[in-house]
$ cat final09.txt   # compact mmCIF, C-alpha atoms
# COMPACT_ATOMS: atom_id res chain seq x y z
CA MET R 1 -10.36 15.66 12.83
CA ALA R 2 -8.64 12.27 12.69
CA ALA R 3 -7.12 11.00 15.92
CA GLU R 4 -3.47 9.82 15.83
CA GLU R 5 -2.05 7.12 18.07
CA LYS R 6 1.53 5.88 18.25
CA LEU R 7 1.80 2.12 18.62
CA ARG R 8 4.57 -0.46 18.74
CA PHE R 9 4.30 -4.11 17.80
CA ALA R 10 6.54 -7.14 17.82
CA VAL R 11 7.90 -8.77 14.69
CA PRO R 12 8.56 -12.46 15.41
CA GLY R 13 12.25 -12.98 16.07
CA ASN R 14 13.17 -9.37 15.39
CA GLY R 15 12.11 -7.11 18.24
CA GLU R 16 9.60 -4.28 17.93
CA VAL R 17 8.82 -1.63 15.33
CA SER R 18 6.89 1.66 15.42
CA SER R 19 3.54 2.39 13.83
CA LEU R 20 1.06 5.24 13.63
CA LEU R 21 -2.70 4.77 13.63
CA VAL R 22 -4.74 7.59 12.08
CA ARG R 23 -8.46 7.09 12.72
CA PRO R 24 -11.07 9.59 11.54
CA PRO R 25 -14.54 9.77 13.09
CA ALA R 26 -16.99 7.33 11.49
CA ALA R 27 -14.18 5.41 9.72
CA ARG R 28 -15.46 2.71 7.37
CA TRP R 29 -12.16 0.90 6.69
CA LEU R 30 -8.66 0.54 8.09
CA LEU R 31 -5.81 0.39 5.55
CA VAL R 32 -2.49 -1.09 6.72
CA LEU R 33 0.21 0.84 4.84
CA GLY R 34 3.80 -0.29 4.26
CA HIS R 35 6.44 2.23 3.21
CA GLY R 36 8.73 2.18 0.17
CA ALA R 37 12.29 0.87 0.17
CA GLY R 38 14.04 4.20 0.68
CA ALA R 39 11.80 6.05 3.12
CA GLY R 40 9.93 5.20 6.32
CA MET R 41 6.39 5.72 7.55
CA ALA R 42 7.00 9.44 8.21
CA HIS R 43 7.73 10.20 4.55
CA PRO R 44 5.62 13.17 3.36
CA PHE R 45 3.91 11.05 0.70
CA LEU R 46 2.50 8.65 3.31
CA GLU R 47 1.64 11.47 5.71
CA LYS R 48 -0.33 13.27 3.01
CA LEU R 49 -1.92 10.03 1.85
CA ALA R 50 -3.03 9.18 5.39
CA ALA R 51 -4.63 12.63 5.69
CA GLU R 52 -6.47 12.26 2.39
CA LEU R 53 -7.63 8.76 3.30
CA ALA R 54 -8.93 10.07 6.61
CA GLY R 55 -10.95 12.60 4.63
CA GLU R 56 -12.59 9.65 2.87
CA ALA R 57 -13.37 7.92 6.21
CA ILE R 58 -10.53 5.43 5.82
CA ALA R 59 -8.30 4.92 8.84
CA SER R 60 -4.68 3.94 8.27
CA LEU R 61 -1.92 2.16 10.15
CA ARG R 62 1.53 3.13 8.88
CA TYR R 63 4.45 1.11 10.19
CA GLN R 64 8.20 0.66 9.94
CA PHE R 65 9.97 -2.36 8.53
CA PRO R 66 12.76 -3.51 10.89
CA TYR R 67 15.64 -2.20 8.78
CA MET R 68 14.08 1.26 8.68
CA GLU R 69 13.35 1.15 12.40
CA ASP R 70 17.04 0.36 12.98
CA ARG R 71 18.10 3.08 10.52
CA ARG R 72 19.76 0.63 8.16
CA ARG R 73 19.78 1.34 4.43
CA VAL R 74 19.42 -2.18 3.04
CA PRO R 75 15.92 -3.69 3.22
CA ASP R 76 15.37 -6.86 5.21
CA LYS R 77 15.06 -10.25 3.55
CA PRO R 78 11.65 -10.87 1.92
CA GLU R 79 10.70 -13.39 4.60
CA LEU R 80 11.14 -10.81 7.35
CA LEU R 81 9.38 -8.11 5.35
CA ALA R 82 6.38 -10.40 4.81
CA ALA R 83 6.35 -11.34 8.50
CA THR R 84 6.32 -7.64 9.39
CA VAL R 85 3.31 -7.06 7.14
CA ALA R 86 1.49 -9.94 8.82
CA ALA R 87 2.32 -8.57 12.28
CA ALA R 88 1.09 -5.10 11.25
CA VAL R 89 -2.21 -6.58 10.08
CA CYS R 90 -2.63 -8.36 13.43
CA THR R 91 -1.92 -5.08 15.23
CA ALA R 92 -4.51 -3.28 13.11
CA ALA R 93 -7.12 -5.94 13.79
CA GLN R 94 -6.53 -5.61 17.53
CA ALA R 95 -6.47 -1.80 17.49
CA ALA R 96 -9.74 -1.47 15.56
CA PRO R 97 -11.63 -4.78 15.76
CA ASN R 98 -14.80 -3.19 14.40
CA LEU R 99 -13.26 -2.03 11.11
CA PRO R 100 -12.80 -4.19 7.99
CA LEU R 101 -9.18 -4.30 6.88
CA LEU R 102 -7.34 -3.44 3.69
CA ALA R 103 -3.58 -3.75 3.29
CA GLY R 104 -0.99 -2.46 0.86
CA GLY R 105 1.51 0.32 0.60
CA LYS R 106 3.85 2.44 -1.45
CA SER R 107 6.10 0.61 -3.90
CA MET R 108 8.02 -2.07 -1.96
CA GLY R 109 5.54 -1.90 0.90
CA GLY R 110 2.75 -2.87 -1.48
CA ARG R 111 4.76 -5.64 -3.14
CA MET R 112 5.71 -7.17 0.22
CA THR R 113 2.06 -7.01 1.24
CA SER R 114 1.12 -8.99 -1.87
CA GLN R 115 3.90 -11.48 -1.06
CA ALA R 116 2.45 -11.94 2.41
CA ALA R 117 -1.02 -12.39 0.93
CA ALA R 118 0.28 -14.99 -1.53
CA GLN R 119 1.62 -16.91 1.47
CA GLY R 120 -1.75 -16.76 3.23
CA LEU R 121 -0.45 -14.57 6.06
CA LEU R 122 -3.03 -11.76 6.03
CA GLY R 123 -6.05 -13.43 7.63
CA PRO R 124 -8.92 -10.91 7.84
CA VAL R 125 -7.78 -8.56 5.06
CA LYS R 126 -10.49 -7.92 2.44
CA GLY R 127 -8.39 -6.38 -0.34
CA LEU R 128 -4.96 -5.04 -1.33
CA VAL R 129 -4.08 -1.52 -2.51
CA PHE R 130 -0.83 -0.76 -4.34
CA PHE R 131 0.33 2.85 -4.62
CA GLY R 132 2.81 2.37 -7.44
CA PHE R 133 3.41 -1.39 -7.71
CA PRO R 134 7.14 -1.87 -8.50
CA LEU R 135 6.82 -4.37 -11.31
CA HIS R 136 10.52 -4.19 -12.20
CA PRO R 137 13.69 -2.18 -11.47
CA PRO R 138 13.80 1.34 -12.98
CA ASN R 139 13.79 1.21 -16.79
CA ARG R 140 14.40 -2.56 -16.80
CA PRO R 141 11.05 -4.01 -17.90
CA GLY R 142 10.14 -7.48 -16.67
CA THR R 143 7.31 -9.37 -14.98
CA LYS R 144 9.05 -11.73 -12.54
CA ARG R 145 7.99 -9.60 -9.56
CA ALA R 146 4.34 -10.22 -10.44
CA GLU R 147 4.45 -14.01 -10.69
CA HIS R 148 3.19 -14.47 -7.12
CA LEU R 149 0.05 -12.42 -7.79
CA ALA R 150 -1.61 -15.51 -9.29
CA LYS R 151 -1.60 -16.96 -5.75
CA VAL R 152 -3.33 -13.94 -4.22
CA ALA R 153 -7.03 -14.66 -3.78
CA LEU R 154 -7.94 -11.13 -2.68
CA PRO R 155 -9.17 -8.22 -4.82
CA MET R 156 -6.30 -5.89 -5.76
CA LEU R 157 -6.25 -2.21 -6.72
CA PHE R 158 -3.25 -0.98 -8.71
CA LEU R 159 -2.79 2.81 -8.73
CA GLN R 160 -0.17 3.67 -11.35
CA GLY R 161 1.22 6.68 -13.16
CA THR R 162 2.05 6.68 -16.87
CA ARG R 163 5.58 7.99 -16.15
CA ASP R 164 6.35 5.30 -13.58
CA THR R 165 9.73 3.83 -14.62
CA LEU R 166 9.18 0.87 -12.27
CA ALA R 167 6.01 -0.31 -13.99
CA ASP R 168 5.81 -0.49 -17.77
CA LEU R 169 2.06 -0.29 -18.38
CA THR R 170 2.31 -2.41 -21.50
CA LEU R 171 3.35 -5.21 -19.14
CA LEU R 172 1.16 -4.36 -16.16
CA ARG R 173 -2.10 -4.05 -18.10
CA PRO R 174 -2.14 -7.70 -19.28
CA ILE R 175 -1.15 -8.86 -15.79
CA CYS R 176 -4.18 -7.08 -14.33
CA GLU R 177 -6.39 -8.42 -17.09
CA LYS R 178 -5.21 -11.95 -16.34
CA LEU R 179 -6.21 -11.47 -12.72
CA GLY R 180 -9.79 -11.00 -13.92
CA SER R 181 -12.19 -9.60 -11.35
CA ARG R 182 -9.42 -9.64 -8.72
CA GLY R 183 -7.40 -6.95 -10.49
CA THR R 184 -8.38 -3.30 -10.92
CA LEU R 185 -5.98 -0.88 -12.62
CA HIS R 186 -6.41 2.87 -12.14
CA ILE R 187 -4.06 4.94 -14.30
CA ILE R 188 -3.09 8.53 -13.55
CA PRO R 189 -1.77 10.24 -16.71
CA GLU R 190 1.61 12.00 -16.37
CA ALA R 191 2.25 10.80 -12.79
CA ASP R 192 5.63 9.23 -11.98
CA HIS R 193 6.43 6.49 -9.42
CA SER R 194 6.09 9.01 -6.59
CA PHE R 195 2.91 10.42 -8.17
CA HIS R 196 4.61 13.72 -8.95
CA MET R 197 3.13 15.60 -11.88
CA LEU R 198 4.78 17.69 -14.57
CA LYS R 199 3.60 21.31 -14.68
CA LYS R 200 2.43 20.87 -18.26
CA ALA R 201 0.00 18.18 -17.08
CA GLY R 202 -2.22 20.89 -15.61
CA LYS R 203 -2.80 18.86 -12.45
CA ALA R 204 -1.14 19.47 -9.08
CA ASP R 205 0.37 16.80 -6.85
CA ALA R 206 -2.25 17.60 -4.20
CA GLU R 207 -5.03 16.78 -6.66
CA VAL R 208 -3.39 13.44 -7.37
CA MET R 209 -3.21 12.60 -3.67
CA LYS R 210 -6.92 13.29 -3.36
CA GLU R 211 -7.58 11.11 -6.42
CA LEU R 212 -5.61 8.25 -4.87
CA ALA R 213 -7.68 8.42 -1.69
CA GLN R 214 -11.02 8.84 -3.45
CA THR R 215 -10.31 5.97 -5.84
CA THR R 216 -9.33 3.74 -2.94
CA ALA R 217 -12.51 4.61 -1.05
CA TYR R 218 -14.75 4.01 -4.06
CA TRP R 219 -13.10 0.66 -4.83
CA ALA R 220 -13.18 -0.45 -1.19
CA ASP R 221 -16.84 0.38 -0.70
CA LYS R 222 -17.71 -1.78 -3.71
CA LEU R 223 -16.09 -4.74 -1.91
CA LYS R 224 -18.87 -4.59 0.66
CA ASN R 225 -21.55 -5.14 -1.95
$ encode --input "final09.txt" --output "structure tokens"
Amino acid sequence: MAAEEKLRFAVPGNGEVSSLLVRPPAARWLLVLGHGAGAGMAHPFLEKLAAELAGEAIASLRYQFPYMEDRRRVPDKPELLAATVAAAVCTAAQAAPNLPLLAGGKSMGGRMTSQAAAQGLLGPVKGLVFFGFPLHPPNRPGTKRAEHLAKVALPMLFLQGTRDTLADLTLLRPICEKLGSRGTLHIIPEADHSFHMLKKAGKADAEVMKELAQTTAYWADKLKN
């Protein structure tokens, strides 16, 4: 059974935030996970994801952005969000110095992680994992939010549903292709931005969560080769 540890870490110039380290026995990786814009690290999606990742021998460090820690509704400025990601990565490296690091998150948490990577703030991280990359606002297709990805030197895994209204796949596919070997796109048919499935899809949400974790583990283990 995976051990859980509550941690706090400082964000430069903005006090401290909470985090939760879930570490299974014989973990092979540690994934630093940022939450989405509207829900914190205790959201059921991230709790279930952390459990599934633990089942694949991937530890996780979930953390709060300052605005969520302070129970404010409006996300912090991008500079502070990126600084929080960087501080979370440092905390993860100190908490488990023997584990190679991945970083990413759900929606905004993943995008802010890529912003931090583009700025060279993520040091030891080996790869980025996006659980629903928010390419554009809901039903307003565009690619501006992906422009910084060209500056990210790390391998990136995009996990996306075909019903995701924040990521038009006709736009995301060519972006991933342009990234070349750095970009891997894994598509889950009939999943929405939250990876919920329609009943007619014949696949339960729990199966999708397991697929997300297994795909992440398979992709990550290839990075070692």
$ closest_residue --input "final09.txt" --among "R:Gly127, R:Tyr67, R:Ser194, R:Arg140" --to "His43 of chain R" --atoms "all atoms listed in the file"
R:Ser194
$ closest_residue --input "final09.txt" --among "R:Leu53, R:Leu46, R:Leu21, R:Leu172" --to "Glu211 of chain R" --atoms "all atoms listed in the file"
R:Leu53
$ closest_residue --input "final09.txt" --among "R:Gly183, R:Gly202, R:Pro155, R:Gly132" --to "Gly105 of chain R" --atoms "all atoms listed in the file"
R:Gly132
$ atom_distance --input "final09.txt" --atom1 "atom CA of Pro138 of chain R" --atom2 "atom CA of His193 of chain R"
9.7 Å
$ atom_distance --input "final09.txt" --atom1 "atom CA of Gly123 of chain R" --atom2 "atom CA of Ala95 of chain R"
15.3 Å
$ residues_around --input "final09.txt" --residues "Asp221 of chain R" --least-positions-apart "5" --cutoff "9 Å" --atoms "all atoms listed in the file" --output "JSON list (two decimals) with C-alpha atoms, in the coordinates of the input"
[["chain", "number", "residue", "atom", "x", "y", "z"],
["R", 28, "ARG", "CA", -15.46, 2.71, 7.37],
["R", 29, "TRP", "CA", -12.16, 0.90, 6.69],
["R", 216, "THR", "CA", -9.33, 3.74, -2.94]]
$ residues_around --input "final09.txt" --residues "Glu69 of chain R" --least-positions-apart "6" --cutoff "9 Å" --atoms "all atoms listed in the file" --output "VMD selection string"
chain R and resid 16 to 18 40
$ residues_around --input "final09.txt" --residues "Arg23 of chain R" --least-positions-apart "4" --cutoff "7 Å" --atoms "all atoms listed in the file" --output "PDB file with C-alpha atoms, in the coordinates of the input"
ATOM      1  CA  ALA R   2      -8.640  12.270  12.690  1.00  0.00           C
ATOM      2  CA  ALA R   3      -7.120  11.000  15.920  1.00  0.00           C
ATOM      3  CA  GLU R   4      -3.470   9.820  15.830  1.00  0.00           C
ATOM      4  CA  ALA R  27     -14.180   5.410   9.720  1.00  0.00           C
ATOM      5  CA  ALA R  54      -8.930  10.070   6.610  1.00  0.00           C
ATOM      6  CA  ALA R  59      -8.300   4.920   8.840  1.00  0.00           C
ATOM      7  CA  SER R  60      -4.680   3.940   8.270  1.00  0.00           C
TER       8      SER R  60
END
$ closest_residue --input "final09.txt" --among "R:Lys77, R:Lys6, R:Ile188, R:Ser114" --to "Glu207 of chain R" --atoms "all atoms listed in the file"
R:Ile188
